[in-house]
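Peer 1: Following this line is entry31.tsv, made up of TSV, C-alpha atoms:
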```tsv
chain	number	residue	atom	x	y	z
A	341	MET	CA	0.00	0.00	0.00
A	342	LYS	CA	2.84	2.39	0.91
A	343	GLN	CA	4.53	1.69	-2.42
A	344	LYS	CA	1.32	2.42	-4.35
A	345	ILE	CA	0.74	5.69	-2.46
A	346	LEU	CA	4.36	6.67	-3.10
A	347	ALA	CA	3.96	5.92	-6.82
A	348	ILE	CA	0.82	8.05	-6.98
A	349	LEU	CA	2.52	10.94	-5.19
A	350	CYS	CA	5.47	10.67	-7.57
A	351	ALA	CA	3.16	10.80	-10.58
A	352	LEU	CA	1.40	13.87	-9.22
A	353	ALA	CA	4.75	15.49	-8.51
A	354	LEU	CA	5.80	14.84	-12.08
A	355	VAL	CA	2.68	16.57	-13.38
A	356	LEU	CA	3.25	19.56	-11.14
A	357	SER	CA	6.90	19.78	-12.13
A	358	ALA	CA	5.91	19.73	-15.79
A	359	VAL	CA	3.72	22.81	-15.53
A	360	PRO	CA	6.51	25.43	-15.36
A	361	ALA	CA	8.22	23.88	-18.37
A	362	ALA	CA	4.96	24.09	-20.26
A	363	GLY	CA	4.25	27.59	-19.03
A	364	ALA	CA	3.80	28.90	-22.55
A	365	LEU	CA	1.16	26.27	-23.24
A	366	GLU	CA	-2.47	27.04	-22.53
A	367	GLY	CA	-5.52	24.97	-21.72
A	368	GLU	CA	-5.72	21.56	-23.34
A	369	SER	CA	-2.19	21.70	-24.74
A	370	ALA	CA	-0.78	22.40	-21.27
A	371	ARG	CA	-2.67	19.53	-19.68
A	372	ALA	CA	-1.70	17.18	-22.50
A	373	ALA	CA	1.97	18.17	-22.28
A	374	ALA	CA	1.95	17.71	-18.50
A	375	THR	CA	0.48	14.22	-18.85
A	376	LEU	CA	3.00	13.16	-21.51
A	377	THR	CA	5.88	14.56	-19.47
A	378	ALA	CA	4.73	12.68	-16.38
A	379	LEU	CA	4.66	9.49	-18.47
A	380	HIS	CA	8.22	10.17	-19.72
A	381	VAL	CA	7.01	10.36	-23.30
A	382	LEU	CA	8.28	13.96	-23.49
A	383	ASP	CA	11.06	15.71	-21.63
A	384	GLU	CA	10.19	18.88	-19.76
A	385	GLN	CA	11.34	21.26	-22.48
A	386	ALA	CA	10.02	19.40	-25.52
A	387	ALA	CA	6.67	21.15	-25.91
A	388	ALA	CA	7.24	24.53	-24.29
A	389	ASP	CA	5.81	26.42	-27.30
A	390	PRO	CA	2.45	25.10	-28.56
A	391	ALA	CA	2.68	27.10	-31.78
A	392	ALA	CA	6.10	25.73	-32.73
A	393	PRO	CA	6.13	23.37	-35.74
A	394	PHE	CA	6.11	19.66	-34.93
A	395	THR	CA	8.79	18.57	-37.38
A	396	ARG	CA	9.30	15.27	-39.17
A	397	ALA	CA	12.53	14.73	-37.22
A	398	GLN	CA	10.71	15.27	-33.91
A	399	ALA	CA	7.85	13.00	-35.00
A	400	ASN	CA	10.27	10.22	-35.93
A	401	ALA	CA	12.07	10.54	-32.58
A	402	LEU	CA	8.73	10.42	-30.75
A	403	LEU	CA	7.60	7.29	-32.64
A	404	VAL	CA	10.86	5.57	-31.78
A	405	ARG	CA	10.40	6.51	-28.11
A	406	LEU	CA	6.81	5.21	-28.11
A	407	SER	CA	7.97	1.94	-29.67
A	408	GLY	CA	10.51	1.18	-26.96
A	409	ILE	CA	13.31	0.61	-29.47
A	410	GLN	CA	16.66	1.42	-27.90
A	411	ILE	CA	18.92	3.38	-30.23
A	412	GLU	CA	21.62	5.92	-29.54
A	413	SER	CA	21.01	8.20	-32.51
A	414	ASN	CA	19.62	8.51	-36.03
A	415	THR	CA	15.93	8.01	-35.33
A	416	LEU	CA	15.22	8.63	-39.01
A	417	ASP	CA	16.92	5.38	-40.01
A	418	ALA	CA	14.99	3.53	-37.30
A	419	ALA	CA	11.68	5.05	-38.46
A	420	VAL	CA	12.41	4.13	-42.09
A	421	ASP	CA	13.45	0.58	-41.14
A	422	GLN	CA	10.22	0.06	-39.20
A	423	GLY	CA	8.08	1.46	-42.03
A	424	TRP	CA	6.83	4.41	-39.99
A	425	THR	CA	8.06	6.87	-42.60
A	426	ALA	CA	9.30	6.82	-46.16
A	427	VAL	CA	10.12	10.54	-46.23
A	428	THR	CA	13.81	11.23	-45.76
A	429	SER	CA	13.89	14.86	-46.91
A	430	GLY	CA	12.46	17.93	-45.21
A	431	GLN	CA	13.12	16.59	-41.73
A	432	GLN	CA	12.97	20.07	-40.19
A	433	GLU	CA	9.65	20.90	-41.81
A	434	ALA	CA	6.35	20.64	-39.92
A	435	ILE	CA	4.84	17.20	-40.48
A	436	PRO	CA	1.40	16.86	-42.12
A	437	ALA	CA	-1.18	15.23	-39.87
A	438	GLY	CA	-1.77	12.36	-42.30
A	439	GLU	CA	1.92	11.54	-42.47
A	440	PHE	CA	2.25	11.38	-38.69
A	441	PHE	CA	-0.91	9.30	-38.26
A	442	HIS	CA	0.30	6.86	-40.91
A	443	GLY	CA	3.46	6.28	-38.89
A	444	LEU	CA	1.54	5.98	-35.62
A	445	LEU	CA	-0.93	3.50	-37.13
A	446	ARG	CA	1.94	1.41	-38.48
A	447	LEU	CA	3.59	1.47	-35.06
A	448	LEU	CA	0.32	0.20	-33.56
A	449	GLY	CA	0.30	-2.74	-35.97
A	450	TYR	CA	-2.30	-1.50	-38.46
A	451	THR	CA	-1.97	-2.37	-42.13
A	452	ASP	CA	-4.00	-1.48	-45.24
A	453	ILE	CA	-4.07	2.13	-44.09
A	454	PRO	CA	-6.03	4.36	-46.51
A	455	ALA	CA	-4.30	7.24	-48.26
A	456	ASP	CA	-5.94	9.79	-45.96
A	457	ALA	CA	-4.51	8.42	-42.72
A	458	ALA	CA	-5.64	11.42	-40.65
A	459	ARG	CA	-9.26	10.91	-41.64
A	460	TYR	CA	-8.94	7.17	-41.03
A	461	ALA	CA	-7.49	7.86	-37.56
A	462	ARG	CA	-10.55	10.01	-36.80
A	463	HIS	CA	-12.78	7.36	-38.32
A	464	ILE	CA	-11.58	4.56	-36.02
A	465	GLY	CA	-11.22	6.70	-32.89
A	466	LEU	CA	-7.42	7.06	-32.73
A	467	ALA	CA	-7.96	10.80	-33.19
A	468	VAL	CA	-10.86	12.30	-31.25
A	469	ARG	CA	-10.95	15.60	-33.16
A	470	ASP	CA	-10.08	16.91	-36.59
A	471	CYS	CA	-6.41	17.89	-36.78
A	472	PRO	CA	-5.06	20.97	-38.56
A	473	ASP	CA	-2.34	20.68	-41.18
A	474	PRO	CA	0.56	20.77	-40.61
A	475	LEU	CA	0.88	19.85	-36.92
A	476	THR	CA	2.18	22.10	-34.17
A	477	TRP	CA	3.59	20.89	-30.86
A	478	GLY	CA	0.31	21.81	-29.20
A	479	ASP	CA	-1.58	19.66	-31.72
A	480	ALA	CA	0.87	16.77	-31.24
A	481	CYS	CA	0.55	16.86	-27.45
A	482	GLN	CA	-3.23	16.76	-27.59
A	483	LEU	CA	-3.52	14.01	-30.19
A	484	LEU	CA	-1.02	11.80	-28.36
A	485	ARG	CA	-2.71	12.34	-24.98
A	486	ASP	CA	-6.07	11.52	-26.58
A	487	ALA	CA	-4.60	8.40	-28.24
A	488	LEU	CA	-3.35	6.84	-24.98
A	489	PRO	CA	-6.51	4.71	-24.39
A	490	PHE	CA	-6.61	3.58	-28.05
A	491	ALA	CA	-5.95	-0.13	-28.64
A	492	ASP	CA	-3.41	-1.41	-31.13
A	493	ALA	CA	-4.14	-4.15	-33.67
A	494	GLU	CA	-3.80	-6.76	-30.90
A	495	GLY	CA	-6.18	-4.98	-28.51
A	496	VAL	CA	-3.48	-3.45	-26.29
A	497	SER	CA	-3.90	0.25	-25.55
A	498	LEU	CA	-1.08	2.69	-26.18
A	499	ILE	CA	-0.74	3.44	-22.46
A	500	GLN	CA	-0.52	-0.30	-21.72
A	501	ARG	CA	2.29	-0.56	-24.28
A	502	LEU	CA	4.17	2.21	-22.49
A	503	ILE	CA	3.75	0.43	-19.16
A	504	ARG	CA	4.99	-2.87	-20.62
A	505	GLN	CA	8.01	-1.09	-22.03
A	506	GLY	CA	8.83	0.35	-18.61
A	507	LEU	CA	8.44	3.94	-19.78
A	508	CYS	CA	5.93	4.55	-16.98
A	509	THR	CA	4.17	2.58	-14.24
A	510	GLN	CA	0.60	1.37	-13.86
A	511	ALA	CA	0.28	3.41	-10.65
A	512	SER	CA	1.39	6.64	-12.32
A	513	ALA	CA	-1.01	6.06	-15.23
A	514	GLU	CA	-3.86	5.44	-12.80
A	515	ALA	CA	-2.94	8.57	-10.85
A	516	LEU	CA	-3.19	10.55	-14.07
A	517	GLY	CA	-6.72	9.24	-14.63
A	518	LEU	CA	-5.83	7.08	-17.64
A	519	PHE	CA	-7.60	4.01	-16.27
A	520	PRO	CA	-10.86	5.46	-14.98
A	521	GLN	CA	-13.40	2.99	-13.67
A	522	ALA	CA	-16.15	5.35	-14.75
A	523	LEU	CA	-16.05	7.57	-17.83
A	524	THR	CA	-17.15	11.18	-17.97
A	525	ALA	CA	-19.45	12.37	-20.75
A	526	ARG	CA	-16.44	13.92	-22.46
A	527	GLN	CA	-14.39	10.73	-22.29
A	528	THR	CA	-17.35	8.77	-23.64
A	529	ALA	CA	-17.78	11.15	-26.58
A	530	GLU	CA	-14.07	11.18	-27.39
A	531	ARG	CA	-13.66	7.41	-27.28
A	532	TYR	CA	-16.90	6.25	-28.86
A	533	ILE	CA	-18.51	8.86	-31.12
A	534	SER	CA	-16.58	7.37	-34.08
A	535	ALA	CA	-18.57	4.13	-33.71
A	536	VAL	CA	-21.93	5.88	-34.23
A	537	PHE	CA	-23.42	6.93	-37.55
A	538	ARG	CA	-26.23	8.93	-39.10
A	539	ILE	CA	-28.82	6.95	-41.05
A	540	ARG	CA	-30.64	8.44	-44.03
A	541	SER	CA	-33.42	6.29	-45.47
A	542	PHE	CA	-35.12	6.43	-48.89
A	543	ASP	CA	-38.49	4.90	-49.69
A	544	THR	CA	-37.99	4.63	-53.47
A	545	GLU	CA	-35.10	4.08	-55.85
A	546	ARG	CA	-35.90	7.40	-57.50
A	547	ALA	CA	-35.71	9.20	-54.16
A	548	TYR	CA	-32.34	7.57	-53.49
A	549	LYS	CA	-30.93	8.70	-56.82
A	550	LYS	CA	-32.22	12.25	-56.28
A	551	ASP	CA	-31.04	12.27	-52.64
A	552	LEU	CA	-34.56	12.88	-51.32
A	553	GLN	CA	-34.56	11.17	-47.97
A	554	SER	CA	-37.69	9.89	-46.26
A	555	GLY	CA	-36.22	9.63	-42.77
A	556	GLU	CA	-33.31	10.32	-40.40
A	557	ALA	CA	-32.07	8.04	-37.63
A	558	SER	CA	-28.97	6.72	-35.88
A	559	GLY	CA	-27.04	3.47	-35.63
A	560	PHE	CA	-23.82	2.11	-34.17
A	561	PHE	CA	-21.23	-0.52	-35.07
A	562	ILE	CA	-20.70	-3.55	-32.84
A	563	SER	CA	-17.91	-5.15	-34.90
A	564	PRO	CA	-15.10	-3.75	-37.08
A	565	ASP	CA	-16.45	-5.47	-40.22
A	566	GLY	CA	-19.65	-3.42	-40.40
A	567	LEU	CA	-22.11	-5.27	-38.15
A	568	ALA	CA	-24.36	-2.64	-36.60
A	569	VAL	CA	-27.51	-2.05	-34.55
A	570	THR	CA	-30.40	0.38	-34.95
A	571	ASN	CA	-34.14	0.61	-34.32
A	572	HIS	CA	-36.38	-1.34	-36.66
A	573	HIS	CA	-38.56	1.72	-37.24
A	574	ALA	CA	-35.49	3.54	-38.60
A	575	LEU	CA	-35.61	1.30	-41.67
A	576	ASP	CA	-39.11	-0.20	-41.75
A	577	ASP	CA	-40.17	1.65	-44.93
A	578	ALA	CA	-36.77	1.93	-46.59
A	579	LEU	CA	-35.75	0.46	-49.93
A	580	ARG	CA	-32.31	2.05	-49.61
A	581	ALA	CA	-30.41	3.57	-46.69
A	582	THR	CA	-26.99	5.03	-45.98
A	583	ALA	CA	-24.73	5.38	-42.93
A	584	THR	CA	-22.61	8.53	-42.55
A	585	LEU	CA	-19.71	8.55	-40.10
A	586	VAL	CA	-18.37	11.38	-37.98
A	587	THR	CA	-15.70	11.87	-40.68
A	588	GLY	CA	-18.35	12.46	-43.34
A	589	GLU	CA	-17.77	9.21	-45.22
A	590	THR	CA	-21.00	7.55	-46.36
A	591	TYR	CA	-21.69	3.83	-46.84
A	592	GLU	CA	-24.69	1.89	-48.04
A	593	ILE	CA	-26.60	-0.23	-45.54
A	594	GLU	CA	-26.54	-3.53	-47.40
A	595	ARG	CA	-28.45	-6.10	-45.41
A	596	VAL	CA	-30.76	-6.73	-42.49
A	597	LEU	CA	-29.56	-9.79	-40.59
A	598	TRP	CA	-32.29	-9.83	-37.95
A	599	TYR	CA	-35.14	-7.62	-36.87
A	600	ASP	CA	-38.03	-7.62	-34.45
A	601	PRO	CA	-40.69	-4.93	-34.96
A	602	ASP	CA	-42.34	-5.70	-31.62
A	603	ILE	CA	-39.25	-4.63	-29.69
A	604	ASP	CA	-38.05	-2.17	-32.35
A	605	LEU	CA	-34.55	-3.57	-32.90
A	606	ALA	CA	-32.61	-4.49	-36.02
A	607	LEU	CA	-29.19	-5.97	-36.69
A	608	ILE	CA	-27.76	-4.68	-39.97
A	609	ARG	CA	-24.68	-4.95	-42.17
A	610	VAL	CA	-23.01	-1.79	-43.50
A	611	SER	CA	-20.90	-1.97	-46.63
A	612	ARG	CA	-17.16	-1.56	-46.11
A	613	THR	CA	-16.86	0.31	-49.41
A	614	SER	CA	-17.89	3.96	-49.24
A	615	LEU	CA	-20.11	5.58	-51.86
A	616	GLU	CA	-16.91	7.19	-53.16
A	617	GLY	CA	-15.51	3.71	-53.81
A	618	GLU	CA	-12.94	3.63	-51.01
A	619	LEU	CA	-12.52	0.32	-49.18
A	620	THR	CA	-12.49	0.72	-45.39
A	621	PRO	CA	-10.27	-1.76	-43.48
A	622	ALA	CA	-12.25	-1.47	-40.23
A	623	PHE	CA	-14.89	0.52	-38.37
A	624	ALA	CA	-14.73	1.75	-34.81
A	625	CYS	CA	-17.21	-0.23	-32.73
A	626	LEU	CA	-18.96	-0.30	-29.37
A	627	THR	CA	-18.99	-3.11	-26.83
A	628	LEU	CA	-22.33	-4.54	-25.73
A	629	SER	CA	-22.84	-4.98	-22.01
A	630	GLU	CA	-22.51	-8.72	-21.37
A	631	THR	CA	-25.20	-8.55	-18.72
A	632	GLY	CA	-27.51	-6.33	-20.76
A	633	THR	CA	-29.67	-4.30	-18.40
A	634	ALA	CA	-29.41	-6.80	-15.50
A	635	ASP	CA	-26.97	-4.60	-13.59
A	636	LEU	CA	-28.70	-1.32	-14.42
A	637	ARG	CA	-30.43	0.49	-11.54
A	638	PRO	CA	-32.51	3.68	-11.17
A	639	GLY	CA	-30.12	6.55	-10.53
A	640	ASP	CA	-27.27	5.09	-12.61
A	641	GLU	CA	-25.62	7.63	-14.90
A	642	VAL	CA	-25.96	6.98	-18.64
A	643	TYR	CA	-24.87	8.62	-21.89
A	644	THR	CA	-26.44	8.71	-25.34
A	645	LEU	CA	-24.67	8.92	-28.69
A	646	GLY	CA	-26.78	9.64	-31.73
A	647	ASN	CA	-27.89	11.99	-34.50
A	648	PRO	CA	-30.54	14.34	-33.04
A	649	LEU	CA	-32.64	16.18	-35.64
A	650	GLY	CA	-30.18	15.08	-38.32
A	651	LEU	CA	-27.82	17.86	-37.22
A	652	GLY	CA	-24.84	15.56	-36.70
A	653	LEU	CA	-23.53	13.18	-34.08
A	654	ALA	CA	-23.86	14.35	-30.48
A	655	VAL	CA	-23.62	13.20	-26.86
A	656	SER	CA	-25.99	13.75	-23.93
A	657	SER	CA	-26.02	12.55	-20.34
A	658	GLY	CA	-28.62	11.69	-17.73
A	659	ILE	CA	-29.68	9.10	-15.20
A	660	VAL	CA	-31.80	5.98	-15.34
A	661	SER	CA	-35.31	6.72	-14.12
A	662	ALA	CA	-36.70	3.19	-14.42
A	663	VAL	CA	-35.25	-0.06	-15.71
A	664	GLU	CA	-38.40	-1.98	-16.58
A	665	ARG	CA	-41.00	0.55	-17.66
A	666	GLU	CA	-43.94	-1.04	-19.44
A	667	VAL	CA	-44.74	1.02	-22.53
A	668	GLU	CA	-47.63	0.58	-24.96
A	669	ASN	CA	-46.63	-0.85	-28.39
A	670	TYR	CA	-43.33	-2.24	-27.11
A	671	GLY	CA	-42.93	-5.96	-26.59
A	672	LEU	CA	-40.58	-5.76	-23.61
A	673	PRO	CA	-40.02	-3.39	-20.69
A	674	MET	CA	-38.05	-0.25	-21.59
A	675	VAL	CA	-35.27	1.71	-19.92
A	676	MET	CA	-36.56	5.18	-19.04
A	677	ASN	CA	-33.89	7.82	-18.55
A	678	THR	CA	-33.22	11.56	-18.62
A	679	ALA	CA	-30.43	11.68	-21.27
A	680	ASP	CA	-31.81	13.99	-23.95
A	681	ILE	CA	-32.68	12.61	-27.38
A	682	SER	CA	-34.68	14.04	-30.29
A	683	GLN	CA	-36.06	12.89	-33.63
A	684	GLY	CA	-33.12	11.36	-35.47
A	685	SER	CA	-31.69	9.85	-32.29
A	686	SER	CA	-33.66	6.63	-32.84
A	687	GLY	CA	-31.23	3.74	-33.09
A	688	GLY	CA	-28.48	5.48	-31.14
A	689	ALA	CA	-26.56	3.97	-28.24
A	690	LEU	CA	-27.37	4.27	-24.55
A	691	LEU	CA	-24.12	3.62	-22.67
A	692	ASN	CA	-23.32	2.98	-19.03
A	693	VAL	CA	-20.42	4.80	-17.39
A	694	TYR	CA	-18.05	2.02	-18.47
A	695	GLY	CA	-18.75	2.74	-22.14
A	696	HIS	CA	-20.82	-0.41	-22.72
A	697	VAL	CA	-24.10	-0.37	-24.64
A	698	VAL	CA	-27.02	-1.22	-22.38
A	699	ALA	CA	-29.89	-0.09	-24.61
A	700	VAL	CA	-30.88	1.49	-27.94
A	701	THR	CA	-32.45	4.96	-27.84
A	702	SER	CA	-35.91	4.77	-29.31
A	703	GLY	CA	-38.43	7.40	-28.21
A	704	ALA	CA	-39.98	9.46	-25.44
A	705	TYR	CA	-43.25	10.20	-23.69
A	706	THR	CA	-44.69	13.00	-25.82
A	707	TYR	CA	-46.07	15.03	-22.93
A	708	GLY	CA	-43.45	14.10	-20.36
A	709	ASN	CA	-40.38	15.96	-19.21
A	710	ASN	CA	-37.06	14.13	-19.54
A	711	MET	CA	-38.85	10.80	-19.98
A	712	TYR	CA	-36.82	9.18	-22.75
A	713	LEU	CA	-37.10	5.53	-23.70
A	714	ALA	CA	-34.52	2.99	-24.81
A	715	VAL	CA	-34.86	-0.65	-25.83
A	716	PRO	CA	-32.71	-3.04	-23.75
A	717	ILE	CA	-29.80	-4.47	-25.73
A	718	ASP	CA	-30.42	-7.96	-24.32
A	719	PRO	CA	-32.15	-9.45	-27.43
A	720	VAL	CA	-29.20	-8.45	-29.64
A	721	LEU	CA	-26.90	-10.55	-27.44
A	722	ASP	CA	-28.80	-13.65	-28.56
A	723	ALA	CA	-29.22	-12.70	-32.24
A	724	ASP	CA	-27.50	-14.84	-34.89
A	725	CYS	CA	-24.87	-12.65	-36.54
A	726	SER	CA	-23.69	-15.35	-38.94
A	727	VAL	CA	-26.72	-15.37	-41.26
A	728	GLU	CA	-26.63	-13.82	-44.71
A	729	GLY	CA	-29.72	-11.74	-44.02
A	730	MET	CA	-31.90	-9.83	-46.46
A	731	THR	CA	-31.56	-6.72	-48.57
A	732	LEU	CA	-33.57	-3.75	-47.34
A	733	GLU	CA	-36.12	-4.35	-50.06
A	734	GLU	CA	-36.47	-8.02	-49.07
A	735	ALA	CA	-36.76	-7.03	-45.41
A	736	LEU	CA	-39.50	-4.55	-46.28
A	737	VAL	CA	-41.47	-7.21	-48.18
A	738	ASP	CA	-40.96	-9.64	-45.29
A	739	PHE	CA	-42.21	-7.02	-42.81
A	740	LEU	CA	-45.29	-6.22	-44.90
A	741	ASN	CA	-46.11	-9.92	-45.19
A	742	ARG	CA	-45.89	-10.21	-41.40
A	743	GLU	CA	-48.29	-7.31	-41.06
A	744	ASP	CA	-50.78	-9.05	-43.35
```
The structure given in the file should be rewritten as structure tokens.

Peer 2:
Amino acid sequence: MKQKILAILCALALVLSAVPAAGALEGESARAAATLTALHVLDEQAAADPAAPFTRAQANALLVRLSGIQIESNTLDAAVDQGWTAVTSGQQEAIPAGEFFHGLLRLLGYTDIPADAARYARHIGLAVRDCPDPLTWGDACQLLRDALPFADAEGVSLIQRLIRQGLCTQASAEALGLFPQALTARQTAERYISAVFRIRSFDTERAYKKDLQSGEASGFFISPDGLAVTNHHALDDALRATATLVTGETYEIERVLWYDPDIDLALIRVSRTSLEGELTPAFACLTLSETGTADLRPGDEVYTLGNPLGLGLAVSSGIVSAVEREVENYGLPMVMNTADISQGSSGGALLNVYGHVVAVTSGAYTYGNNMYLAVPIDPVLDADCSVEGMTLEEALVDFLNRED
């Protein structure tokens, strides 16, 4: 216990000692620089000026440090040998965001990286905000701090890699809040908004070709290969539908693998090729709560991620009001909560404070205040994801036949 307390105090001391060195930094850049200094990723003078260019040479040196490779000099040769860069000229120039993210993705074990690596990093959640071009030290500090919880190709987070390499300790990382047991709304949005998408539905082929949508909704990925969840009513009259990510890329919703109109859930497959013809190696995805709503209690904090009013992806927070609220026209008890949703949020994710999906946002009491409804995720846990499924048109015909 004494050793753990000592480690925590040391980590806090490191943060405090980093602040004077980062005195020229402000706000988020200062906090990010302090965290990276405390983790021994940066030295105390590395990021003193947030507006200074983050050069290719500095980026290469940082990638080598993150990798744990022990070399005495010439980080450029090491970066080239490892495939993190192919650019050997202009080492003192500010590095473009895409170039740096390509190297970072390669370091994390990712292959088949699209040409626009910066957009792909945002797409899969490695970057939690759009990055300017070229990068400054302030930008670099923030994007690296934000990337610490991101998992590599083997499922190991960047901060866990640093701990394994001996660059920092588990206790110091915990003291810095990098292993929170409960996530804030901000942490939830940063880590998981990339896994949610906007659905636009079209009730005729002509409407699809003319881009005249018949409805707006939300959905979220539950596997990197395009398996996703939404409400059934989000697609119940659609012949065609598309999914648009936080990065703006749009993909066709190809198939319905399973649906149940009585509980308003659907399991769908999103194409991995965008409408622009670009193949996507993987999607960011959410984790379903293994216990569904069994561990959910009134008063628990929850977050929603969705597409309210079709204005774009957004986060809201609230508490669980009731776990098993009987609601007319729904075939199972609903989760009632106070996390704001609007039209267009249907099919979005309701998350617990651990970032796990517990329900699918679906509706609200029209004349109530903060009485929002979500369908428990439990039935999706038992759905067969291996089936070929139906096209949207086939699913519509199947649904109409059921109605008859």

Peer 1: A:Leu649: which residues within 7 Å, counting only C-alpha atoms, same-chain residues fewer than 2 positions away excluded, as a ChimeraX atom specification?

Peer 2: /A:647,651,682-684

Peer 1: Between atom CA of A:Leu376 and atom CA of A:Tyr460, what distance in Å does the model show, to one decimal?

Peer 2: 23.7 Å

Peer 1: Would you compute the box with edges along x, y and z of the file around stretch 700-712 of chain A, including every atom the file lists for it and 5 Å extra on each side, and give its centre and edge lengths in Å to one decimal, as AutoDock Vina command-line options?

Peer 2:
```
--center_x -38.5 --center_y 8.7 --center_z -24.3 --size_x 25.2 --size_y 24.5 --size_z 20.1
```

Peer 1: Given all atoms listed in the file as the basis, pick out the residue of A:Arg580, A:Arg462, A:His380, A:Arg538 nearest to A:Ala654.

Peer 2: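 When distances to A:Ala654 are compared using all atoms listed in the file, the smallest one comes from A:Arg538.
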
Peer 1: Counting all atoms listed in the file, figure out which residue out of A:Ala372, A:Gly617, A:Gln410, A:Glu439 gets nearest to A:Gly423.

Peer 2: A:Glu439

Peer 1: Quote the spacing between atom CA of A:Leu488 and atom CA of A:Val700 in Å to one decimal place.

Peer 2: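 Computed distance, atom CA of A:Leu488 to atom CA of A:Val700, equals 28.2 Å.
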
Peer 1: Counting all atoms listed in the file, which residue out of A:Thr584, A:Ala535, A:Pro638, A:Leu579 sits closest to A:Ser554?

Peer 2: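 The answer is A:Leu579, which sits nearest to A:Ser554.
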
Peer 1: What gap, in Å, lies between atom CA of A:Ser657 and atom CA of A:Thr644?

Peer 2: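 Separating atom CA of A:Ser657 from atom CA of A:Thr644 is a distance of 6.3 Å.
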
Peer 1: When you count all atoms listed in the file, which of these residues is closest to A:Ala370: A:Gly495, A:Gly671, A:Gly438, A:Gly478?

Peer 2: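 Nearest to A:Ala370: A:Gly478.
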
Peer 1: Which residue, A:Val715, A:Leu382, A:Leu403, A:Leu645, has the smallest gap to A:Glu666 when you use all atoms listed in the file?

Peer 2: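 Using all atoms listed in the file, the shortest distance to A:Glu666 belongs to A:Val715.
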
Peer 1: Within 9 Å of (-27.8, 11.2, -41.8), all atoms listed in the file: residues as a short mmCIF file (atom, residue, chain, number, x, y, z; two decimals) with C-alpha atoms, in the frame of the given file?

Peer 2:
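Writing done, so here's out12.cif:
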```cif
data_model
loop_
_atom_site.label_atom_id
_atom_site.label_comp_id
_atom_site.auth_asym_id
_atom_site.auth_seq_id
_atom_site.Cartn_x
_atom_site.Cartn_y
_atom_site.Cartn_z
CA PHE A 537 -23.42 6.93 -37.55
CA ARG A 538 -26.23 8.93 -39.10
CA ILE A 539 -28.82 6.95 -41.05
CA ARG A 540 -30.64 8.44 -44.03
CA SER A 541 -33.42 6.29 -45.47
CA GLY A 555 -36.22 9.63 -42.77
CA GLU A 556 -33.31 10.32 -40.40
CA ALA A 557 -32.07 8.04 -37.63
CA SER A 558 -28.97 6.72 -35.88
CA THR A 582 -26.99 5.03 -45.98
CA ALA A 583 -24.73 5.38 -42.93
CA THR A 584 -22.61 8.53 -42.55
CA LEU A 585 -19.71 8.55 -40.10
CA THR A 590 -21.00 7.55 -46.36
CA ASN A 647 -27.89 11.99 -34.50
CA GLY A 650 -30.18 15.08 -38.32
CA LEU A 651 -27.82 17.86 -37.22
CA GLY A 652 -24.84 15.56 -36.70
CA GLY A 684 -33.12 11.36 -35.47
#
```

Peer 1: Could you tell me which of A:Asn414, A:Ser726, A:Gln431, A:Ser534 comes closest to A:Leu567 if we count only C-alpha atoms?

Peer 2: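 Answer, going by the shortest atom-to-atom distance: A:Ser726.
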
Peer 1: I want to know what sits within 12 Å of stretch 496-507 of chain A, based on only C-alpha atoms, with residues of the same chain fewer than 4 positions away left out; could you give that as number ranges by chain?

Peer 2: A: 375-382, 403-410, 444-445, 447-449, 466, 484-492, 511-514, 516-519

Peer 1: Please work out which residues fall within 12 Å of (-9.5, 7.8, -39.8), coordinates as given in the file, with all atoms listed in the file counting, and return them as a PyMOL selection string.

Peer 2: chain A and resi 437-438+441-442+444-445+450+453-471+534-535+585-589+620-624

Peer 1: Quick one: residues within 10 Å of stretch 427-430 of chain A, only C-alpha atoms, excluding same-chain residues fewer than 5 positions away - as a PDB file with C-alpha atoms, keeping the file's coordinate frame?

Peer 2:
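Resulting contents of result14.pdb:
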```pdb
ATOM      1  CA  THR A 395       8.790  18.570 -37.380  1.00  0.00           C
ATOM      2  CA  ARG A 396       9.300  15.270 -39.170  1.00  0.00           C
ATOM      3  CA  ALA A 397      12.530  14.730 -37.220  1.00  0.00           C
ATOM      4  CA  LEU A 416      15.220   8.630 -39.010  1.00  0.00           C
ATOM      5  CA  ASP A 417      16.920   5.380 -40.010  1.00  0.00           C
ATOM      6  CA  ALA A 419      11.680   5.050 -38.460  1.00  0.00           C
ATOM      7  CA  VAL A 420      12.410   4.130 -42.090  1.00  0.00           C
ATOM      8  CA  ILE A 435       4.840  17.200 -40.480  1.00  0.00           C
ATOM      9  CA  GLU A 439       1.920  11.540 -42.470  1.00  0.00           C
TER      10      GLU A 439
END
```
